[in-house]
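The data block below is upload-v1.cif; it holds mmCIF, C-alpha atoms and all ligand atoms.
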```cif
data_my_file
loop_
_atom_site.label_atom_id
_atom_site.label_comp_id
_atom_site.auth_asym_id
_atom_site.auth_seq_id
_atom_site.Cartn_x
_atom_site.Cartn_y
_atom_site.Cartn_z
CA MET A 1 0.00 0.00 0.00
CA SER A 2 1.45 3.38 -0.91
CA GLU A 3 2.08 6.03 1.72
CA SER A 4 -0.63 8.33 0.29
CA ASN A 5 -3.27 5.60 0.66
CA ASN A 6 -2.55 5.49 4.36
CA ARG A 7 -3.20 9.17 5.00
CA ILE A 8 -6.05 11.59 4.36
CA LYS A 9 -5.82 15.27 3.53
CA ILE A 10 -8.03 17.97 4.94
CA ALA A 11 -8.25 21.50 3.50
CA VAL A 12 -8.80 24.29 6.01
CA GLN A 13 -8.87 28.07 5.72
CA LYS A 14 -5.36 29.52 5.91
CA SER A 15 -6.34 32.73 7.63
CA GLY A 16 -9.76 34.08 8.44
CA ARG A 17 -12.88 33.37 10.38
CA LEU A 18 -12.55 29.57 10.37
CA SER A 19 -8.78 29.11 10.75
CA ASP A 20 -8.19 29.17 14.52
CA ASP A 21 -11.28 27.15 15.36
CA SER A 22 -10.49 24.57 12.64
CA PHE A 23 -7.02 24.05 14.08
CA SER A 24 -8.19 23.94 17.66
CA LEU A 25 -10.83 21.34 16.72
CA LEU A 26 -8.12 19.08 15.28
CA GLU A 27 -5.97 19.68 18.35
CA ARG A 28 -8.83 18.77 20.66
CA CYS A 29 -9.16 15.56 18.63
CA GLY A 30 -5.64 14.76 19.82
CA ILE A 31 -4.11 15.44 16.41
CA LYS A 32 -0.78 17.18 16.72
CA ILE A 33 -0.04 19.51 13.83
CA LYS A 34 3.01 21.66 13.49
CA LYS A 35 1.92 24.93 11.93
CA SER A 36 4.81 26.95 10.66
CA ASN A 37 4.65 30.38 9.08
CA GLY A 38 4.28 30.37 5.34
CA ARG A 39 3.82 26.62 4.99
CA LEU A 40 0.75 25.51 3.11
CA PHE A 41 1.03 21.83 3.98
CA CYS A 42 1.27 20.40 7.51
CA HIS A 43 1.85 16.80 8.41
CA SER A 44 0.55 15.27 11.63
CA GLN A 45 2.96 12.94 13.35
CA ASN A 46 0.48 11.14 15.56
CA PHE A 47 -2.51 10.71 13.18
CA PRO A 48 -2.60 9.81 9.47
CA LEU A 49 -3.76 13.27 8.46
CA ASP A 50 -2.20 16.09 6.44
CA VAL A 51 -3.57 19.63 6.49
CA LEU A 52 -3.68 21.92 3.46
CA LEU A 53 -3.92 25.63 4.26
CA VAL A 54 -5.87 27.39 1.52
CA ARG A 55 -8.44 30.13 0.81
CA ASP A 56 -11.86 29.02 1.99
CA ASP A 57 -13.21 29.70 -1.51
CA ASP A 58 -10.90 26.98 -2.92
CA ILE A 59 -11.71 24.18 -0.49
CA LEU A 60 -14.63 22.61 -2.38
CA SER A 61 -12.78 22.58 -5.71
CA LEU A 62 -9.80 20.88 -4.07
CA ILE A 63 -12.06 18.06 -2.90
CA GLN A 64 -13.98 17.85 -6.17
CA ASP A 65 -10.73 17.62 -8.12
CA GLY A 66 -9.47 14.81 -5.90
CA ILE A 67 -6.57 16.77 -4.37
CA CYS A 68 -7.83 16.26 -0.83
CA GLU A 69 -10.58 14.25 0.79
CA LEU A 70 -11.92 16.46 3.56
CA GLY A 71 -12.52 20.12 4.23
CA ILE A 72 -13.88 22.61 6.73
CA VAL A 73 -16.00 25.27 5.02
CA GLY A 74 -18.84 27.61 5.80
CA THR A 75 -22.41 26.96 4.72
CA ASN A 76 -22.09 30.25 2.80
CA ILE A 77 -19.61 28.67 0.40
CA LEU A 78 -21.51 25.37 0.14
CA ARG A 79 -24.81 27.07 -0.76
CA GLU A 80 -23.21 29.48 -3.24
CA LYS A 81 -21.36 26.67 -4.98
CA ALA A 82 -24.50 24.53 -5.11
CA LEU A 83 -26.23 27.25 -7.13
CA GLN A 84 -23.36 27.61 -9.56
CA ASN A 85 -23.93 26.24 -13.03
CA ASN A 86 -20.91 23.98 -12.98
CA SER A 87 -20.11 22.65 -16.42
CA ASN A 88 -16.76 21.17 -15.25
CA VAL A 89 -16.65 17.44 -14.68
CA VAL A 90 -16.72 16.81 -10.94
CA ILE A 91 -14.49 13.87 -10.05
CA ASN A 92 -15.55 13.66 -6.46
CA PRO A 93 -19.01 14.72 -5.34
CA ILE A 94 -19.14 16.23 -1.85
CA GLU A 95 -21.05 15.17 1.22
CA GLU A 96 -21.80 17.47 4.18
CA VAL A 97 -20.90 15.43 7.23
CA ILE A 98 -21.52 17.46 10.35
CA ASN A 99 -22.09 21.04 11.57
CA LEU A 100 -19.13 22.09 13.67
CA ASN A 101 -20.75 24.73 15.87
CA PHE A 102 -18.30 27.53 15.10
CA GLY A 103 -17.73 30.13 12.38
CA PHE A 104 -21.21 31.57 12.81
CA CYS A 105 -21.96 34.46 10.46
CA LYS A 106 -24.67 35.81 8.19
CA LEU A 107 -24.75 36.69 4.53
CA SER A 108 -26.46 40.06 4.53
CA ILE A 109 -27.27 43.02 2.36
CA ALA A 110 -25.95 46.29 3.77
CA VAL A 111 -26.39 49.88 2.62
CA PRO A 112 -24.46 53.08 3.38
CA ASP A 113 -25.74 54.98 6.44
CA THR A 114 -26.88 57.74 4.06
CA PHE A 115 -29.16 55.38 2.07
CA SER A 116 -32.79 55.89 3.03
CA TYR A 117 -33.85 52.28 3.25
CA VAL A 118 -37.52 51.49 3.79
CA ASN A 119 -37.87 47.86 2.74
CA ILE A 120 -36.53 45.42 0.21
CA SER A 121 -38.08 47.31 -2.71
CA SER A 122 -35.71 50.18 -1.87
CA LEU A 123 -33.11 48.03 -3.65
CA ALA A 124 -34.94 48.15 -7.00
CA ASN A 125 -32.63 49.26 -9.82
CA LYS A 126 -29.70 49.62 -7.40
CA ARG A 127 -26.23 48.11 -7.90
CA ILE A 128 -25.28 45.52 -5.26
CA ALA A 129 -21.65 44.38 -5.00
CA THR A 130 -20.92 40.85 -3.81
CA THR A 131 -18.73 37.77 -4.01
CA TYR A 132 -21.90 35.66 -3.65
CA PRO A 133 -23.74 36.43 -6.93
CA ASN A 134 -25.78 33.23 -7.02
CA LEU A 135 -27.22 33.48 -3.53
CA LEU A 136 -27.89 37.18 -4.03
CA LYS A 137 -29.62 36.67 -7.39
CA GLN A 138 -31.78 33.93 -5.91
CA PHE A 139 -32.74 36.16 -2.98
CA LEU A 140 -33.62 39.09 -5.26
CA LYS A 141 -35.65 36.83 -7.54
CA ASN A 142 -37.56 35.29 -4.62
CA ASN A 143 -38.43 38.80 -3.48
CA ASN A 144 -39.28 40.12 -6.94
CA VAL A 145 -36.64 42.83 -6.80
CA ASP A 146 -34.89 43.87 -9.96
CA ALA A 147 -31.37 45.00 -9.04
CA LYS A 148 -27.97 44.85 -10.72
CA VAL A 149 -25.50 42.36 -9.24
CA VAL A 150 -21.90 43.59 -9.39
CA VAL A 151 -19.55 40.62 -8.96
CA LEU A 152 -16.31 41.34 -7.10
CA THR A 153 -13.63 38.97 -5.83
CA GLY A 154 -12.95 40.83 -2.58
CA ALA A 155 -13.00 44.14 -0.70
CA VAL A 156 -16.73 44.32 -1.25
CA GLU A 157 -17.22 46.70 1.68
CA ILE A 158 -15.49 49.58 -0.08
CA ALA A 159 -17.56 49.31 -3.29
CA PRO A 160 -20.12 52.00 -2.27
CA ARG A 161 -17.35 54.50 -1.44
CA LEU A 162 -15.73 53.86 -4.82
CA ASN A 163 -19.15 54.36 -6.40
CA ILE A 164 -19.01 50.89 -7.94
CA ALA A 165 -22.20 49.95 -6.11
CA ASP A 166 -25.08 51.40 -4.06
CA ALA A 167 -25.23 48.49 -1.62
CA ILE A 168 -23.28 45.34 -0.78
CA CYS A 169 -24.05 41.73 0.02
CA ASP A 170 -21.34 40.17 2.20
CA LEU A 171 -20.64 38.08 5.27
CA VAL A 172 -21.22 39.70 8.63
CA SER A 173 -19.78 38.15 11.72
CA THR A 174 -19.03 40.71 14.46
CA GLY A 175 -20.29 43.62 12.33
CA VAL A 176 -16.98 45.49 12.76
CA THR A 177 -16.26 45.61 9.01
CA LEU A 178 -19.67 47.11 8.24
CA GLU A 179 -19.37 49.69 10.98
CA ALA A 180 -15.87 50.68 9.94
CA ASN A 181 -17.15 51.32 6.43
CA GLY A 182 -20.29 53.26 7.36
CA LEU A 183 -22.60 50.46 6.28
CA CYS A 184 -25.78 49.23 7.88
CA GLU A 185 -27.23 45.70 7.65
CA VAL A 186 -30.72 45.66 6.14
CA GLU A 187 -31.52 42.14 4.91
CA ASN A 188 -30.35 38.72 5.98
CA ILE A 189 -29.96 36.17 3.18
CA LEU A 190 -28.39 33.18 4.90
CA SER A 191 -27.09 32.03 8.28
CA SER A 192 -23.83 30.18 8.09
CA GLN A 193 -21.55 28.05 10.25
CA ALA A 194 -18.56 25.78 9.70
CA VAL A 195 -19.28 22.31 8.30
CA LEU A 196 -17.07 19.26 7.87
CA VAL A 197 -17.30 18.06 4.27
CA LYS A 198 -15.89 14.97 2.60
CA SER A 199 -15.44 13.45 -0.79
CA LEU A 200 -17.94 10.73 -1.67
CA ASN A 201 -15.18 8.95 -3.48
CA MET A 202 -12.63 7.60 -0.98
CA SER A 203 -10.69 4.37 -0.83
CA VAL A 204 -11.58 1.81 1.83
CA GLU A 205 -8.38 2.68 3.72
CA LYS A 206 -9.16 6.38 3.72
CA GLU A 207 -12.78 5.74 4.75
CA SER A 208 -11.57 3.90 7.82
CA ILE A 209 -9.22 6.75 8.80
CA PHE A 210 -12.12 9.16 8.27
CA LYS A 211 -14.38 7.09 10.55
CA LEU A 212 -11.83 7.43 13.36
CA LEU A 213 -11.56 11.17 12.84
CA ARG A 214 -15.33 11.61 12.64
CA CYS A 215 -15.79 9.73 15.90
CA ARG A 216 -13.26 11.99 17.63
CA ILE A 217 -14.88 15.13 16.22
CA GLU A 218 -18.30 13.99 17.40
CA SER A 219 -16.88 13.33 20.86
CA VAL A 220 -15.35 16.80 21.03
CA LEU A 221 -18.59 18.45 19.90
CA GLN A 222 -20.59 16.51 22.49
CA ALA A 223 -18.12 17.39 25.21
CA ASN A 224 -18.31 21.10 24.27
CA GLU A 225 -21.88 21.33 25.46
CA ALA A 226 -21.72 18.75 28.21
CA LYS A 227 -20.97 19.55 31.84
CA TYR A 228 -20.39 17.41 34.91
CA ILE A 229 -22.57 18.64 37.76
CA MET A 230 -22.06 17.77 41.43
CA LEU A 231 -24.41 18.99 44.14
CA HIS A 232 -25.85 18.27 47.55
CA CYS A 233 -29.54 17.61 47.64
CA PRO A 234 -32.09 17.05 50.43
CA LYS A 235 -33.49 13.53 49.94
CA ILE A 236 -37.04 14.85 49.83
CA ALA A 237 -36.18 17.14 46.88
CA LEU A 238 -34.27 14.48 44.92
CA ASP A 239 -36.91 13.81 42.23
CA LYS A 240 -37.49 17.49 41.60
CA ILE A 241 -33.78 18.31 41.41
CA VAL A 242 -32.93 15.41 39.10
CA LYS A 243 -35.67 16.57 36.70
CA LEU A 244 -34.05 20.01 36.55
CA LEU A 245 -30.68 18.66 35.36
CA PRO A 246 -30.56 19.35 31.59
CA GLY A 247 -30.06 16.24 29.48
CA ALA A 248 -28.83 14.10 32.38
CA GLU A 249 -29.28 10.34 32.20
CA ASN A 250 -29.19 8.23 35.35
CA PRO A 251 -27.44 10.54 37.83
CA THR A 252 -25.37 8.90 40.56
CA VAL A 253 -26.78 9.41 44.04
CA MET A 254 -24.42 8.90 47.01
CA ASN A 255 -24.78 9.09 50.76
CA LEU A 256 -22.97 11.85 52.60
CA THR A 257 -21.01 10.99 55.71
CA GLY A 258 -22.83 12.19 58.80
CA SER A 259 -26.15 13.03 57.13
CA ASP A 260 -29.37 11.04 56.77
CA VAL A 261 -31.29 13.74 55.02
CA VAL A 262 -28.88 15.03 52.37
CA VAL A 263 -27.31 13.09 49.46
CA ALA A 264 -24.71 13.95 46.85
CA VAL A 265 -25.82 13.88 43.20
CA HIS A 266 -23.37 13.61 40.29
CA ALA A 267 -24.58 13.84 36.70
CA VAL A 268 -23.36 14.39 33.16
CA CYS A 269 -25.59 17.06 31.63
CA LYS A 270 -25.56 16.75 27.85
CA GLU A 271 -27.37 20.04 27.26
CA SER A 272 -26.19 23.57 28.10
CA VAL A 273 -26.18 24.46 31.77
CA PHE A 274 -27.20 28.11 32.15
CA TRP A 275 -27.12 30.33 35.23
CA GLU A 276 -30.93 30.01 35.27
CA THR A 277 -30.57 26.25 35.67
CA LEU A 278 -28.32 26.74 38.70
CA GLU A 279 -30.74 29.26 40.20
CA GLN A 280 -33.61 26.79 39.77
CA LEU A 281 -31.55 24.00 41.35
CA LYS A 282 -30.74 26.23 44.31
CA ALA A 283 -34.36 27.28 44.71
CA ALA A 284 -35.34 23.59 44.75
CA GLY A 285 -33.00 22.99 47.70
CA ALA A 286 -29.67 22.06 46.10
CA SER A 287 -26.45 23.35 47.65
CA ALA A 288 -22.69 23.09 47.07
CA ILE A 289 -23.35 23.07 43.30
CA LEU A 290 -20.26 22.52 41.15
CA VAL A 291 -20.25 22.63 37.33
CA LEU A 292 -17.17 21.15 35.67
CA PRO A 293 -16.19 21.14 32.00
CA ILE A 294 -15.84 17.77 30.27
CA GLU A 295 -12.82 17.43 28.05
CA LYS A 296 -13.62 14.26 26.15
CA MET A 297 -16.66 12.05 25.87
CA MET A 298 -17.17 8.76 24.06
CA GLY A 299 -20.51 6.96 24.17
C1 LIG A 301 -15.77 38.27 5.74
C2 LIG A 301 -16.36 39.48 5.03
C3 LIG A 301 -15.93 40.66 5.87
C4 LIG A 301 -15.70 40.05 7.24
C5 LIG A 301 -16.83 40.43 8.16
O1 LIG A 301 -14.53 37.92 5.22
O2 LIG A 301 -15.92 39.57 3.72
O3 LIG A 301 -14.74 41.20 5.37
O4 LIG A 301 -15.66 38.64 7.10
O5 LIG A 301 -16.54 40.09 9.49
P1 LIG A 301 -16.91 41.05 10.69
O6 LIG A 301 -18.40 41.26 10.66
O7 LIG A 301 -16.51 40.27 11.92
O8 LIG A 301 -16.15 42.31 10.55
P2 LIG A 301 -13.92 36.41 5.33
O9 LIG A 301 -13.46 36.12 6.73
O10 LIG A 301 -14.89 35.43 4.76
O11 LIG A 301 -12.64 36.45 4.44
P3 LIG A 301 -12.59 36.26 2.86
O12 LIG A 301 -13.71 37.07 2.32
O13 LIG A 301 -11.22 36.76 2.53
O14 LIG A 301 -12.74 34.80 2.58
ZN ZN A 302 -13.59 33.65 1.47
#
```

For the file at hand, write its structure as structure tokens.
Amino acid sequence: MSESNNRIKIAVQKSGRLSDDSFSLLERCGIKIKKSNGRLFCHSQNFPLDVLLVRDDDILSLIQDGICELGIVGTNILREKALQNNSNVVINPIEEVINLNFGFCKLSIAVPDTFSYVNISSLANKRIATTYPNLLKQFLKNNNVDAKVVVLTGAVEIAPRLNIADAICDLVSTGVTLEANGLCEVENILSSQAVLVKSLNMSVEKESIFKLLRCRIESVLQANEAKYIMLHCPKIALDKIVKLLPGAENPTVMNLTGSDVVVAVHAVCKESVFWETLEQLKAAGASAILVLPIEKMMG
């Protein structure tokens, strides 16, 4: 078996919204990757995975052309690409595997602060600059608005100032870019987050490496939400308190030395534990409540 059959390649964004979280996800999966400045290819020494650092816009093509097998991309790119009339032969169709719970952003239409925007028909006959022409055209069509789509490859936010466009359609994450450019969000086209994608055309060897990786990723995502809760509980309030624990299955109940009326309860809560939950537990009689993060979880 050749060396390349024994390893899989994943394409991740080199720098931008998804980069840090993509790398930290792989790290939390126990995959050690040496990232060195300027290198576009990183080799993991303790897992059969190589990482390609590329522009997020190129990730899907790299998988389709068979250059790598996996990728981490935003829904924004997946949906835009899906609408593209692709006449090229696709070697490897792509499957969306799992939402990764990071890289949240919106694809939105924004107008300069000086634009008197009333509703979507205010965009009629206006020029809208974007790098997402297909999603924008679909949105305008669905809303019966006739506007001109100006396709750019980047720096969309400065188009109104250069008088190339009257409005823009771009990704908004923190909103800092819009604010810095005197733009105001008026319509939301799509909500996006990072997704793990894979080629539907992998060798048996690569599929089995992928299964391992997928299992680790799922464990990390589960552990992200999950918390280990420990508390003291009056025996008479036990039923009520156990019901308040979010997503807990079969909590452990233990006797406390020197008390007949209070027990200790330990539980893994698989859903988010909010301050409100703790307040409700306290009101129901719980005390000495501890909430601990869970690093890894495997069912
Ligand atoms: C997007 C978008 C804005 C920025 C918005 O770029 O084009 O420039 O993010 O983020 P903010 O609301 O937090 O300011 P992206 O990270 O996708 O980089 P790219 O366009 O170079 O791929
Ligand atoms: Zn991009």

Worksheet item: Counting all atoms listed in the file, what is within 6 Å of A:Ala11, bar same-chain residues fewer than 2 positions away, as a PyMOL selection string?
Response: chain A and resi 51-52+59+71

Using only C-alpha atoms and all ligand atoms, tabulate the residues of chain A lying at most 7 Å from any atom of ligand ZN 302 (chain A), each with its closest atom pair and that distance in Å to one decimal, by chain and increasing residue number, as a Markdown table.
```
| residue | atom | partner | partner_atom | distance |
| --- | --- | --- | --- | --- |
| A:Arg55 | CA | A:ZN302 | ZN | 6.3 |
| A:Asp56 | CA | A:ZN302 | ZN | 5.0 |
| A:Asp57 | CA | A:ZN302 | ZN | 5.0 |
```

If you count all atoms listed in the file, which residues fall within 8 Å of A:Leu221, apart from same-chain ones fewer than 3 positions away, as a short mmCIF file (atom, residue, chain, number, x, y, z; two decimals) with C-alpha atoms, keeping the file's coordinate frame?
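So the final result, stored in selection.cif, reads:
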```cif
data_model
loop_
_atom_site.label_atom_id
_atom_site.label_comp_id
_atom_site.auth_asym_id
_atom_site.auth_seq_id
_atom_site.Cartn_x
_atom_site.Cartn_y
_atom_site.Cartn_z
CA LEU A 100 -19.13 22.09 13.67
CA ASN A 101 -20.75 24.73 15.87
CA ILE A 217 -14.88 15.13 16.22
CA GLU A 218 -18.30 13.99 17.40
CA ASN A 224 -18.31 21.10 24.27
CA GLU A 225 -21.88 21.33 25.46
#
```

Worksheet entry | Atomic separation - atom CA of A:Gly247 relative to atom CA of A:Val263, Å | 20.4 Å

Discussion item. Residues within 12 Å of A:Asn6, please, as a VMD selection string. Count all atoms listed in the file; anything in the same chain fewer than 3 positions from it doesn't count.
Written reply: chain A and resid 1 to 3 9 47 to 50 202 to 210

Worksheet item: For A:Thr174, which of A:Val186, A:Cys215, A:Val151, A:Cys105 is the closest residue, counting only C-alpha atoms?
Response: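 Closest residue, counting only C-alpha atoms: A:Cys105.
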
Discussion item. Please identify all protein, DNA and RNA residues within 10 Å of ligand LIG 301 (chain A), counting only C-alpha atoms and all ligand atoms, and report them as number ranges by chain.
Written reply: A: 13-19, 55-58, 74, 76-77, 103-107, 130-131, 153-157, 169-181

Worksheet item: At what distance in Å, to one decimal, does atom CA of A:Asp166 lie from atom CA of A:Phe115?
Response: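 Spanning atom CA of A:Phe115 to atom CA of A:Asp166 is a straight-line distance of 8.4 Å.
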